[in-house]
Every structure is written in C-alpha cells, then in structure tokens.
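Below is one structure; the comments refer to it alone.
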Amino acid sequence: MASSAHSRGSLRTERQVPPARGNGGGNPPARSRSSSAKRSLRVSSDDDKDSGRVRVAIRVRPKTTEEHDLDFTDCVELQPELRRLKLKKNNWSSESYKFDEVFTESASQRRVYEAVAKPVVESVLDGYNGTVMAYGQTGTGKTYTVGRLGKDDPSERGIMVRALEDIFANISPGSDIMAISYLQLYLETIQDLLAPEKTNIPVVEDPKTGEVSLPGSAIVQIKDLDQFLELLQVGEANRHAANTKLNTESSRSHAVLVVHINRSLEGKKENDASSLANVANSELSSHHLPHRLKSKLLIVDLAGSERIDKSGIEGHMIEETKFINLSLTSLGKCINALAENSRYIPTRESKLTRLLRDSFGGTARTSLIVTVGPSAQYYSETASTIMFGQRAMKVVNAVKLKEEVDYESLCRKLEYHVDYLTSETDRQQKLRENEKEQLEKKLKEKEAFLVETEKQFSVKYEHLEKERNHLELETQNLLKELNIQKSEKDKLSQEVGHLEISLKQAKQQELENLNYQKVLASTTHMYEKKIAQLIKQLEDESSRCADLEEQLSGIRHYLSGNKKSVQMQEKEVDELKREILKLNEDAASTIQSLRARNNELSLEKELLNGELKTLKDKLLYEDRKRRCLEDEIIILKNALNDDNAEYESKRPYKGDATTRSMLSLGGPANIPKSNRSRETISGQKDTISKIFEEGKTVNVVANLAAEGICLHLHFADVNQERIVEEGGLDTLLLLLESSEDANIHRVTAGAVANLAMNSSNQGLIMGKGGARLLANIASKTEDPQTLRMIAGAIANLCGNEKLHVTLKKDGGIKALLGMVQCGHSDVVAQVARGFANFAKCESRVFVIVCSKGHRKGRSLLIEDGVLNWMATNSATFSASTRRHIELSLCHLAQNEDNTLEIIRSGGIKELIRISQESSREDTRNLAKKALDSNPAFSAEIHAT
C-alpha cells in the first residue's frame with residue numbers, strides 16, 4: 001500500500017515555511033551544495049519574526065538642480081538608525097513612519113541591494129518564489145535603483161544586474177538551468193521586450209496551483225552575465241519612454257523581469273555512459289525518484305505616478321498616464337484589502353494585479369522599495385507613496401517551498417539507459433559478427449595457405465621425383481660406363497700381362513736370336529710407349545671414376561635431405577590442420593556464449609520497455625485526469641462569473657463611497673474644513689483686500705505670494721488664487737511700471753517670479769504685459785539681486801511652450817541675453833535655466849508636431865542670437881549653469897531645422913564634448929542621440 005500511494009503522489013509538493021528562525025526563513029532541503037557554503041548567514045532583527053510579511057524599505061533621492069535653484073524646503077527628515085522617517089507638513093506639524101530599512105540620499109547601490117533584494121534572491125535559490133518591486137513618483141529613482149546597468153561604473157549597478165550576479169555565483173552550470181523573460185505592461189497590454197513582435201500576451205492562472213503564467217512570451221536560457229546584459233539592453237531599447245517636465249527619460253510602462261530557476265537536488269550530474277547506467281540501475285532498484293526545485297524571481301520596475309499639470313504632458317501621453325495611474329490604483333486597492341484582511345481581493349481589475357497575485361497575499365517572499373523626493377513641492381505625492389508602503393508592510397504572504405519530482409529527468413535517464421543497453425547490445429552483436437567475420441576470414445586464409453602449400457609441396461615433390469629418377473638413370477649409366485671401363489681395364493691388364501710374358505719370352509729368345517734384337521728393341525720401345533699411354537689412360541679413368549663416385553654420394557646425400565624436408569613439411573601441414581580445428585572449436589564456443597548473452601540482454605530490454613510503457617501509461621492517466629479537473633474548474637468558474645455578474649447588476653453602486661475611502665488614505669482631500677480654517681481663509685482674504693485697498697507696502701504682497709511655495713501645496717494654491725482674485729497681480733505690475741525704487745523693483749519681481757511658478761498664473765502675467773515690464777526693468781537696472789529675480793520670473797515663463805511666441809515679441813529672450821553682461825553667477829544661472837526650459841519645451845512640441853507629419857521651423861532662440869552665446873560660453877561657467885547650457889544645446893539639436901545654424905556657430909563641437917565629458921549621464925545620452933540621428937551632423941564629423 002505504501003508503494004502504491006507513493007506512485008500515485010502528485011507531481012508537485014509544497015511545504016509551508018515554518019515560523020522564522022535565525023535566518024528569517026524556512027529551512028532549505030538537506031543537500032550538499034558548494035554554493036550554500038558561499039552565501040553568508042543573515043542575522044535577522046527582532047521585527048523579522050513573521051517571515052512571510054512584505055518587507056518595505058524607503059529611499060530618498062538627492063535634490064535636483066532645479067530644486068536647488070528654486071530653494072525648496074525639505075518635507076522629509078530621515079532617522080536611519082531608528083529606521084524612521086518624518087514627513088513635515090510645515091514647520092510645526094509632522095508625522096513619523098517606521099520602515100524595515102531607511103536609506104539616505106547617499107546610500108550606495110550595493111547597500112540597497114544587500115538590504116532589500118539579497119534575502120529574496122537567497123530564498124529563490126533555496127526554492128521559494130520571490131518578488132522585488134520599486135514604487136514611487138516619476139523621477140524619484142526607481143529605474144536607477146532597479147534597472148541601472150552600470151556599464152561605465154560597476155558600483156552603480158542596480159538590483160537586476162546584482163541579483164543575476166549572485167544567482168550565477170551560486171548555481172551549477174551542469175545541473176541547474178536559468179532562463180529569463182522581460183515584459184512591459186503598456187496601455188493595459190502585456191508586450192515582450194525581448195521579442196517586440198509579441199504583443200497582447202494573455203495572463204493565465206493555473207486552476208490547480210494558482211500560479212500565473214504568460215503563454216507566448218519569450219523565455220531565453222542564459223549562460224553568463226554578459227549575455228544577460230545584452231538582453232537587458234535590448235529590452236530597455238524596446239521599452240516605452242518619453243520626455244516630461246519631471247524626467248527627461250520617463251518610463252511609460254511597467255517593466256517586469258522574470259527569472260526562472262530550475263535546480264537539481266542530486267548534486268553533480270553523471271556524464272559518462274557507464275556511470276549513468278549504474279546510477280539508473282541503482283535508482284530503479286531502490287525506487288528513488290529525483291527531485292528538482294523550481295523557483296521564480298520577479299523584479300518589477302513600476303512606472304511612476306504623476307499629475308498631468310505638473311508633468312506638462314499632452315496628447316497620447318495623457319492616455320499613457322491614465323492607464324499607469326489606473327493600474328497603480330488597482331494595486332493600491334489590493335494592498336488595502338490585504339492589509340485589512342478583507343474577504344474580497346480585487347486582483348482581476350488590472351493585469352498588473354494579476355501578474356503580482358503571488359507577490360501580495362500569495363506564496364512568494366516579497367520586498368518593496370519605495371522612492372520619494374525630498375522637496376516640499378511634491379508633498380502630496382510623497383505622502384501618498386509613504387502610505388502605500390505602510391499599508392504594504394501589513395501584508396503577510398504564506399511563503400511555500402515547491403519541489404517537483406523530476407519525472408522528465410527520470411524518463412530521460414530510463415530512455416537513455418534503454419538506448420545505452422540497445423546500443424551496447426548492438427555493439428556486442430556487431431563485435432561478435434566482426435570477430436566471426438575475422439575468424440572466418442582467417443580460416444579462409446589458412447585454408448588457402450594450406451592449399452597453396454600443398455600445391456607447392458606436390459610441385460616440389462614431383463620435381464624432386466623427376467630429379468631423383470634422372471639421377472638414378474645417370475647413376476645407372478655411370479655404373480654401366482664404369483663396368484665397361486673396368487672390363488676394358490681388365491682387358492688391358494690382361495694384355496699387359498701377356499706382353500710381360502711375351503717380353504720375358506723375348507728376352508729369353510734375345511740370346512737366341514741376336515739378329516732379331518733390333519726388331520725386338522724397336523718393338524719393345526713401341527710397346528713401352530703404348531703401355532705408358534695405356535697406364536696414363538687407366539689413371540685418367542680411375543680419377544674419373546672417383547669423381548663419379550663422389551657425385552653419386554652427393555646425389556644420395558641430397559636425396560636424403562629432400563626426404564627430411566618433405567617429412568618436416570608434412571608435419572607442419574598436420575599441425576596447421578590441428579590448429580584450424582582448435583580455432584573452429586573456440587569460435588563455436590564463443591558464438592554460443594555471445595548468443596546466450598544476447599538473449600539475456602534482449603530479456604532485460606523487454607523488461608525495461610515494459611516498465612517504461614507502464615510509467616508512460618501512468619503519466620497519460622494523470623494528464624487526462626488533470627485535464628478533466630481543469631475543464632470542471634473552468635465550467636465552475638464560468639458559472640461563478642455568471643452568478644457574480646448577476647449579483648453585481650442587482651447590487652447598488654457604491655463608487656462614491658469607495659472613492660471617498662480612497663481619498664481618505666492620504667492627501668489634501670481629507671483635510672477637515674473646520675470653522676477655524678474657514679475663519680483663517682476668510683481672514684486672509686479680508687487682510688489681502690484691505691492691503692490692496694489701502695495701498696500698503698509691496699513687501700506684504702510679495703511675502704504672501706512666496707508663502708504658497710513653502711507651505712502645503714493645497715494652501716499655496718489658495719493663497720495665490722486669493723492674491724490674483726483681489727487684484728494683487730495687477731498691483732504688482734502697476735508698481736513695476738510706475739515705481740522708480742530699486743527695492744520695490746527687486747521685491748516686486750520676486751513676487752511675480754513666485755506667482756509665475758503656477759501655470760495658471762503664467763498666462764495672466766503674459767496677458768497683462770508682465771514680460772514686457774520685466775524686460776524694461778532689466779534694461780534700466782544693474783542691481784544683481786533685482787536682475788536675478790527678473791531672470792527667475794522670465795525663466796519660469798519659458799517653461800510654458802504656449803507663451804513662447806508672445807514672450808519673444810515682448811523682448812523676454814533679448815532681456816535674458818542682455819542680463820548676462822552683468823557677470824553675476826546667480827543671474828547667469830537663472831538665464832541658463834530659462835534657456836533650458838525654453839529649449840526643452842520646444843523639443844517636446846517638435847516631437848509632437850513631427851509625429852503628426854508637420855514641420856515646425858527653426859528655434860526662436862536662434863533668431864535672437866542665443867545659440868552663438870551658448871556655443872561660445874558653454875564650458876566657462878559654474879557646474880549648474882554649464883549643465884543648463886548643455887541641456888539647451890542637446891534639445892536644440894533635436895530639431896533638424898536648427899542643423900545649419902548649429903554647424904555654423906560651432907555648436908557641433910560642443911555637442912561632441914557634451915557626449916563625452918558631461919557630468920550627467922542623461923545629458924550625454926541626449927547628445928549622442930542627437931549626433932547619431934542627424935545625417936548632417938554625421939557628415940560634418942567625418943569631414944572634420
């Protein structure tokens with residue numbers, strides 16, 4: 001029963017994390033991994049007892065140059081040692097908030113990553129899902145914190161790059177797999193940043209596990225950090241961004257980086273086939289199933305919330321802002337519902353909340369970093385961001401470890417094992433066939449050699465027989481000749497004996513016949529000669545006979561040697577025959593053993609095929625069962641949606657109450673209008689009316705106008721509106737025109753400058769001739785403080801592109817350029833700021849006009865000679881003034897109608913210098929973009 005229950009277990013097992021221990025998370029599964037030893041242990045603080053709570057950190061960005069120039073007060077006071085932040089409403093009222101981490105404006109990227117994202121990354125490496133998200137107003141540094149690449153300076157790398165560095169340092173390339181997806185939510189549609197052709201990607205939720213997936217999105221497996229940086233650059237290039245008053249590169253979409261990690265629990269992977277076969281056999285015998293950890297890390301760079309009146313956007317960007325604010329509002333509703341433990345969580349109102357369903361109220365470990373600006377100008381946005389972070393700290397996730405039985409790996413191992421056994425069987429069979437062919441070939445060679453040897457032996461034997469017969473015939477002939485010579489010798493010896501006898505007889509008769517002596521002497525002499533010849537002939541025949549006997553003995557010896565060699569060759573032939581018989585017997589026995597081994601391997605292969613088929617049947621059964629359950633769940637969901645739709649149609653609408661509750665979360669709308677506040681406002685109104693009626697000193701009006709910039713934005717708008725309604729603006733302009741007092745000019749110009757910061761007042765100032773009056777005062781005075789106030793007022797008016805033509809006609813641009821001659825650094829800084837505002841607005845309008853297919857013409861600044869002054873003096877002033885001039889040149893270079901004037905004035909050299917030496921990266925990028933996109937600039941650079 002236990003084994004059957006084990007085989008019917010689900011493919012995925014989830015273990016909920018126990019209460020927090022020393023490391024603030026659950027115990028990782030027991031395994032030996034070198035990467036675990038590399039990661040340092042974390043010591044959690046006392047408030048980390050709930051490991052599933054969303055961790056929230058806050059980061060304050062440094063002041064911008066414009067905020068420094070406008071002298072805004074700070075509305076934020078940090079207490080990092082106490083992890084607290086004070087939000088100052090004014091000089092006498094403030095509220096304190098506590099976060100998990102508080103980062104000052106000087107906090108390094110490394111410290112932010114280690115405190116916010118590193119714990120989440122380590123949990124993801126241990127098998128948990130994790131999310132790191134940045135939230136805040138536009139221009140507060142979210143993308144800098146999360147997505148900074150740091151190509152030139154590695155210390156500026158953001159959370160994305162540092163997280164991938166840690167992951168690469170702690171995974172095993174052989175057994176672990178890592179892949180990424182990079183997406184953006186733009187206009188409530190999900191688009192793939194790595195494959196831009198993939199748009200409107202659906203969000204699918206698994207009905208069984210609740211996990212969110214994005215079918216159709218590109219999932220790219222990465223091997224090293226360089227490949228990741230290349231993909232990140234491709235994604236950033238495809239992301240929607242635009243130029244606004246709050247940010248030169250404002251993100252117009254939510255970006256989500258999804259990192260998929262698949263880790264093995266088995267340790268190192270076996271590589272060679274033999275060890276893999278042994279491992280597979282041991283696993284099959286012990287019923288061991290391999291497990292893998294599949295985790296997912298989400299790094300989210302949310303688009304910033306913004307107000308249309310402050311960002312200065314128009315046209316299509318208004319629609320983008322509506323969708324951004326709508327999705328952030330839906331996210332805030334979900335956070336509120338989770339913080340209040342509401343029964344209904346509105347996660348389906350936006351695709352952003354559906355994507356982050358597991359991050360808030362799900363099973364992922366989540367860290368949130370909220371970014372704010374220090375300036376009191378954005379008090380309401382800062383308060384709203386802080387309240388979002390405070391509510392997110394109340395959300396608790398049920399963090400779970402997810403393990404999967406790696407049936408796919410096991411199936412691959414079994415298939416590989418079957419393939420290995422099959423190939424081994426084929427290899428053995430082929431080896432046996434090769435050995436058999438070699439033996440048969442060798443046998444044929446031996447048989448051919450034996451036949452050839454026998455042929456040679458028979459030929460030699462016949463030749464020897466012929467030679468022996470020939471020698472026997474010659475021997476017989478020699479014997480015959482020898483016998484004939486012996487008979488002749490015997491005859492000669494008989495004749496010699498007869499002659500000796502006759503000689504003796506002749507000697508005896510010599511005495512008898514003296515007369516016959518001479519004849520006998522001669523005859524004797526003749527016979528002696530003949531006898532000597534016969535003796536010599538006899539000796540020759542004897543020597544010849546001896547030679548023939550020696551030849552006969554040599555022939556007999558040669559014949560005996562040939563008989564021995566023939567006998568030895570016959571013995572070798574017999575040995576070869578016995579060896580061939582023995583080899584045949586060995587080959588037959590080897591073939592029988594190999595056939596038996598082949599039968600055993602075939603049986604083993606059939607058993608493995610049977611087990612593999614059983615496993616496949618089980619997987620098919622589980623898949624069919626899963627599909628049936630999914631169909632039933634879809635039917636139930638459809639029925640539930642129909643019921644909900646019917647219920648919603650019958651339920652009374654409560655939008656006003658919801659809206660009122662959302663407005664009450666923080667902001668100026670919830671400020672109670674008590675009798676005291678009404679009395680205060682009415683008292684201010686009466687005071688202002690009385691001042692203007694009695695014609696008192698202008699210092700009071702200036703102070704009232706400046707008060708709106710330092711206090712809460714709501715009350716600032718009220719004061720400025722009261723000033724304008726009661727005729728304060730008319731009085732200020734009248735004083736500028738009629739008075740000759742330098743002090744009145746200075747204070748009045750400062751009040752007008754403060755009023756000109758409000759876009760609704762800028763049109764009134766221009767309509768009443770304010771720019772013309774300011775230009776006249778600037779031409780008459782040499783006081784640096786008065787000129788600074790006038791330059792600041794005109795610089796504020798330059799930020800409204802609708803007033804550019806009127807401003808130029810009234811002499812505002814020439815007045816700014818003329819004020820440079822005083823040489824005072826503060827005056828020059830305000831002049832440079834005005835030119836930067838003017839050029840930036842022109843660039844934004846030029847982009848909108850070009851998108852509609854029209855041409856705008858060259859810049860108004862060029863007609864008044866501003867371009868020549870900027871090209872000549874861009875590198876001679878202070879750092880802040882130089883930044884404004886550089887930004888102005890970069891924006892002027894965006895308009896192709898300004899190309900010839902920029903080349904003639906030498907501005908192209910300054911653009912090249914700015915692209916290489918500017919202290920701000922966004923300005924360098926803007927200059928590079930202008931140089932690269934304009935063919936005339938490129939041709940001029942190559943020509944020089």
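By convention in this document, the chains of the structure tokens carry letters A, B, ... by their order, each chain's residues are numbered from 1, and ligands are numbered from 1 in the order they are shown.
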
Selection: 9 Å around range 547-560 of chain A, only C-alpha atoms, excl. self and same-chain fewer than 3 positions, as number ranges by chain: A: 464, 468, 471, 475, 478-479, 542-544, 563-564

Counting only C-alpha atoms, which residues of range 106-217 of chain A sit at most 10 Å from some atom of range 368-377 of chain A, and what is each one's closest atom pair with its distance in Å to one decimal, listed by chain and rising residue number, as a Markdown table?
| residue | atom | partner | partner_atom | distance |
| --- | --- | --- | --- | --- |
| A:Val112 | CA | A:Ile369 | CA | 9.1 |
| A:Val116 | CA | A:Ile369 | CA | 7.3 |
| A:Ala117 | CA | A:Leu368 | CA | 8.8 |
| A:Thr131 | CA | A:Leu368 | CA | 8.2 |
| A:Val132 | CA | A:Leu368 | CA | 5.9 |
| A:Met133 | CA | A:Leu368 | CA | 4.9 |
| A:Ala134 | CA | A:Ile369 | CA | 4.9 |
| A:Tyr135 | CA | A:Val370 | CA | 4.7 |
| A:Gly136 | CA | A:Thr371 | CA | 4.9 |
| A:Gln137 | CA | A:Val372 | CA | 6.6 |
| A:Thr138 | CA | A:Val372 | CA | 9.1 |
| A:Gly139 | CA | A:Gly373 | CA | 8.2 |
| A:Thr140 | CA | A:Val372 | CA | 5.4 |
| A:Gly141 | CA | A:Thr371 | CA | 6.5 |
| A:Lys142 | CA | A:Thr371 | CA | 6.4 |
| A:Thr145 | CA | A:Ile369 | CA | 8.9 |
| A:Val146 | CA | A:Ile369 | CA | 9.5 |

Selected residue of minimal separation from Leu87 in chain A among A:Ala115, A:Ile501, A:Val60, A:Ala778, counting only C-alpha atoms: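 When distances to Leu87 in chain A are compared using only C-alpha atoms, the smallest one comes from A:Val60.
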
When you draw a straight line from CA of Pro935 in chain A to CA of Ser859 in chain A, how long is it in Å?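 About the pair CA of Pro935 in chain A and CA of Ser859 in chain A: they are 19.2 Å apart.
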
Exercise: Leu232 in chain A partners within 9 Å, only C-alpha atoms, chain neighbours under 4 positions left out, as a ChimeraX atom specification: /A:147,149,182,193-194,227-228,236-237

If you keep C-alpha atoms, can you produce a file of those selected residues as a PDB file, in the first residue's frame?
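Saved result, result_9.pdb, follows:
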ATOM      1  CA  GLY A 147      17.477  48.629 -13.720  1.00  0.00           C
ATOM      2  CA  LEU A 149      23.285  48.664 -15.922  1.00  0.00           C
ATOM      3  CA  TYR A 182      11.441  40.582 -19.887  1.00  0.00           C
ATOM      4  CA  LEU A 193      10.594  43.411 -24.634  1.00  0.00           C
ATOM      5  CA  LEU A 194      12.890  40.648 -25.947  1.00  0.00           C
ATOM      6  CA  GLN A 227      24.519  37.538 -22.287  1.00  0.00           C
ATOM      7  CA  PHE A 228      22.069  38.845 -19.656  1.00  0.00           C
ATOM      8  CA  GLU A 236      15.440  48.695 -22.386  1.00  0.00           C
ATOM      9  CA  ALA A 237      15.709  49.879 -26.007  1.00  0.00           C
TER      10      ALA A 237
END

To test your reading of the structure, identify every residue in range 282-409 of chain A that backbone DSSP assigns to strand (DSSP E), and report it as a PyMOL selection string. chain A and resi 291-301+365-372+400-405

Grab the residues selected above and save them as a PDB file, in the first residue's frame with N, CA and C atoms.
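Contents of the output file result-v2.pdb:
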ATOM      1  N   HIS A 291      14.344  14.776  -7.387  1.00  0.00           N
ATOM      2  CA  HIS A 291      13.557  15.984  -7.147  1.00  0.00           C
ATOM      3  C   HIS A 291      14.309  17.198  -7.680  1.00  0.00           C
ATOM      4  N   ARG A 292      13.546  18.233  -8.056  1.00  0.00           N
ATOM      5  CA  ARG A 292      14.120  19.496  -8.512  1.00  0.00           C
ATOM      6  C   ARG A 292      13.372  20.649  -7.852  1.00  0.00           C
ATOM      7  N   LEU A 293      14.081  21.736  -7.645  1.00  0.00           N
ATOM      8  CA  LEU A 293      13.493  22.956  -7.112  1.00  0.00           C
ATOM      9  C   LEU A 293      13.245  23.913  -8.273  1.00  0.00           C
ATOM     10  N   LYS A 294      11.989  24.316  -8.433  1.00  0.00           N
ATOM     11  CA  LYS A 294      11.634  25.267  -9.489  1.00  0.00           C
ATOM     12  C   LYS A 294      11.107  26.539  -8.827  1.00  0.00           C
ATOM     13  N   SER A 295      11.881  27.602  -8.928  1.00  0.00           N
ATOM     14  CA  SER A 295      11.501  28.868  -8.304  1.00  0.00           C
ATOM     15  C   SER A 295      11.491  29.972  -9.348  1.00  0.00           C
ATOM     16  N   LYS A 296      10.913  31.111  -8.954  1.00  0.00           N
ATOM     17  CA  LYS A 296      10.738  32.217  -9.891  1.00  0.00           C
ATOM     18  C   LYS A 296      10.974  33.518  -9.147  1.00  0.00           C
ATOM     19  N   LEU A 297      11.771  34.390  -9.748  1.00  0.00           N
ATOM     20  CA  LEU A 297      12.076  35.712  -9.186  1.00  0.00           C
ATOM     21  C   LEU A 297      11.513  36.780 -10.116  1.00  0.00           C
ATOM     22  N   LEU A 298      10.682  37.677  -9.543  1.00  0.00           N
ATOM     23  CA  LEU A 298      10.119  38.809 -10.278  1.00  0.00           C
ATOM     24  C   LEU A 298      10.781  40.090  -9.789  1.00  0.00           C
ATOM     25  N   ILE A 299      11.365  40.844 -10.718  1.00  0.00           N
ATOM     26  CA  ILE A 299      11.918  42.167 -10.406  1.00  0.00           C
ATOM     27  C   ILE A 299      11.091  43.169 -11.207  1.00  0.00           C
ATOM     28  N   VAL A 300      10.335  44.020 -10.480  1.00  0.00           N
ATOM     29  CA  VAL A 300       9.319  44.872 -11.103  1.00  0.00           C
ATOM     30  C   VAL A 300       9.742  46.333 -10.963  1.00  0.00           C
ATOM     31  N   ASP A 301       9.818  47.014 -12.088  1.00  0.00           N
ATOM     32  CA  ASP A 301      10.080  48.457 -12.130  1.00  0.00           C
ATOM     33  C   ASP A 301       8.783  49.132 -12.567  1.00  0.00           C
ATOM     34  N   ARG A 365       8.095  35.346  -1.433  1.00  0.00           N
ATOM     35  CA  ARG A 365       8.747  36.253  -0.484  1.00  0.00           C
ATOM     36  C   ARG A 365       8.958  37.584  -1.205  1.00  0.00           C
ATOM     37  N   THR A 366       8.409  38.673  -0.654  1.00  0.00           N
ATOM     38  CA  THR A 366       8.333  39.949  -1.361  1.00  0.00           C
ATOM     39  C   THR A 366       9.051  41.043  -0.587  1.00  0.00           C
ATOM     40  N   SER A 367       9.834  41.847  -1.336  1.00  0.00           N
ATOM     41  CA  SER A 367      10.454  43.053  -0.798  1.00  0.00           C
ATOM     42  C   SER A 367      10.050  44.217  -1.686  1.00  0.00           C
ATOM     43  N   LEU A 368       9.696  45.348  -1.050  1.00  0.00           N
ATOM     44  CA  LEU A 368       9.239  46.542  -1.758  1.00  0.00           C
ATOM     45  C   LEU A 368      10.126  47.713  -1.364  1.00  0.00           C
ATOM     46  N   ILE A 369      10.624  48.435  -2.345  1.00  0.00           N
ATOM     47  CA  ILE A 369      11.367  49.662  -2.074  1.00  0.00           C
ATOM     48  C   ILE A 369      10.593  50.823  -2.671  1.00  0.00           C
ATOM     49  N   VAL A 370      10.250  51.786  -1.811  1.00  0.00           N
ATOM     50  CA  VAL A 370       9.515  52.960  -2.261  1.00  0.00           C
ATOM     51  C   VAL A 370      10.493  54.125  -2.325  1.00  0.00           C
ATOM     52  N   THR A 371      10.387  54.919  -3.391  1.00  0.00           N
ATOM     53  CA  THR A 371      11.306  56.034  -3.613  1.00  0.00           C
ATOM     54  C   THR A 371      10.523  57.337  -3.578  1.00  0.00           C
ATOM     55  N   VAL A 372      11.079  58.340  -2.900  1.00  0.00           N
ATOM     56  CA  VAL A 372      10.422  59.638  -2.780  1.00  0.00           C
ATOM     57  C   VAL A 372      11.449  60.724  -3.036  1.00  0.00           C
ATOM     58  N   LYS A 400       5.937  29.386   0.599  1.00  0.00           N
ATOM     59  CA  LYS A 400       5.988  27.929   0.484  1.00  0.00           C
ATOM     60  C   LYS A 400       7.149  27.506  -0.392  1.00  0.00           C
ATOM     61  N   LEU A 401       7.732  26.379   0.007  1.00  0.00           N
ATOM     62  CA  LEU A 401       8.792  25.756  -0.795  1.00  0.00           C
ATOM     63  C   LEU A 401       8.152  24.770  -1.758  1.00  0.00           C
ATOM     64  N   LYS A 402       8.530  24.834  -3.018  1.00  0.00           N
ATOM     65  CA  LYS A 402       7.911  23.991  -4.042  1.00  0.00           C
ATOM     66  C   LYS A 402       8.949  23.066  -4.645  1.00  0.00           C
ATOM     67  N   GLU A 403       8.706  21.766  -4.453  1.00  0.00           N
ATOM     68  CA  GLU A 403       9.576  20.754  -5.032  1.00  0.00           C
ATOM     69  C   GLU A 403       8.781  19.945  -6.049  1.00  0.00           C
ATOM     70  N   GLU A 404       9.456  19.461  -7.059  1.00  0.00           N
ATOM     71  CA  GLU A 404       8.837  18.635  -8.084  1.00  0.00           C
ATOM     72  C   GLU A 404       9.617  17.349  -8.247  1.00  0.00           C
ATOM     73  N   VAL A 405       8.859  16.272  -8.383  1.00  0.00           N
ATOM     74  CA  VAL A 405       9.506  15.015  -8.758  1.00  0.00           C
ATOM     75  C   VAL A 405       9.891  15.117 -10.217  1.00  0.00           C
TER      76      VAL A 405
END

Contacts of Leu482 in chain A at 9 Å or less, counting only C-alpha atoms, minus same-chain residues fewer than 4 places along, as a ChimeraX atom specification? /A:477-478,486-487,541,545

Fewer than 3 positions away in the same chain doesn't count, so skip those; otherwise give me all residues within 8 Å of Gln221 in chain A, counting only C-alpha atoms, as a PyMOL selection string. chain A and resi 177-180

Using only C-alpha atoms, find each residue of range 827-927 of chain A with at least one atom at most 10 Å away from an atom of range 806-811 of chain A; report its shortest atom-to-atom pair and that distance in Å (one decimal), sort the rows by chain and rising residue number, and return the result as CSV.
residue,atom,partner,partner_atom,distance
A:Leu860,CA,A:Lys808,CA,7.5
A:Leu861,CA,A:Lys808,CA,8.6
A:Glu863,CA,A:Lys808,CA,9.6
A:Asp864,CA,A:Lys808,CA,8.6

Who sits within 7 Å of range 214-217 of chain A, only C-alpha atoms, same chain under 3 positions skipped, as number ranges by chain: A: 192, 201-204

Quick one: everything within 9 Å of Val828 in chain A, counting only C-alpha atoms, minus sequence neighbours fewer than 6 positions away in the same chain. Send it as a compact mmCIF listing (two decimals) with C-alpha atoms, in the first residue's frame.
# COMPACT_ATOMS: atom_id res chain seq x y z
CA ARG A 788 18.27 87.59 -10.52
CA ALA A 791 15.68 86.38 -14.74
CA LEU A 816 17.64 87.31 -20.70
CA MET A 819 21.31 90.29 -18.36
CA VAL A 820 24.33 88.02 -18.95
CA GLN A 821 26.53 91.13 -19.28
CA CYS A 822 26.30 91.85 -15.53
CA PHE A 877 30.60 78.98 -16.10
CA THR A 881 24.99 76.83 -15.21
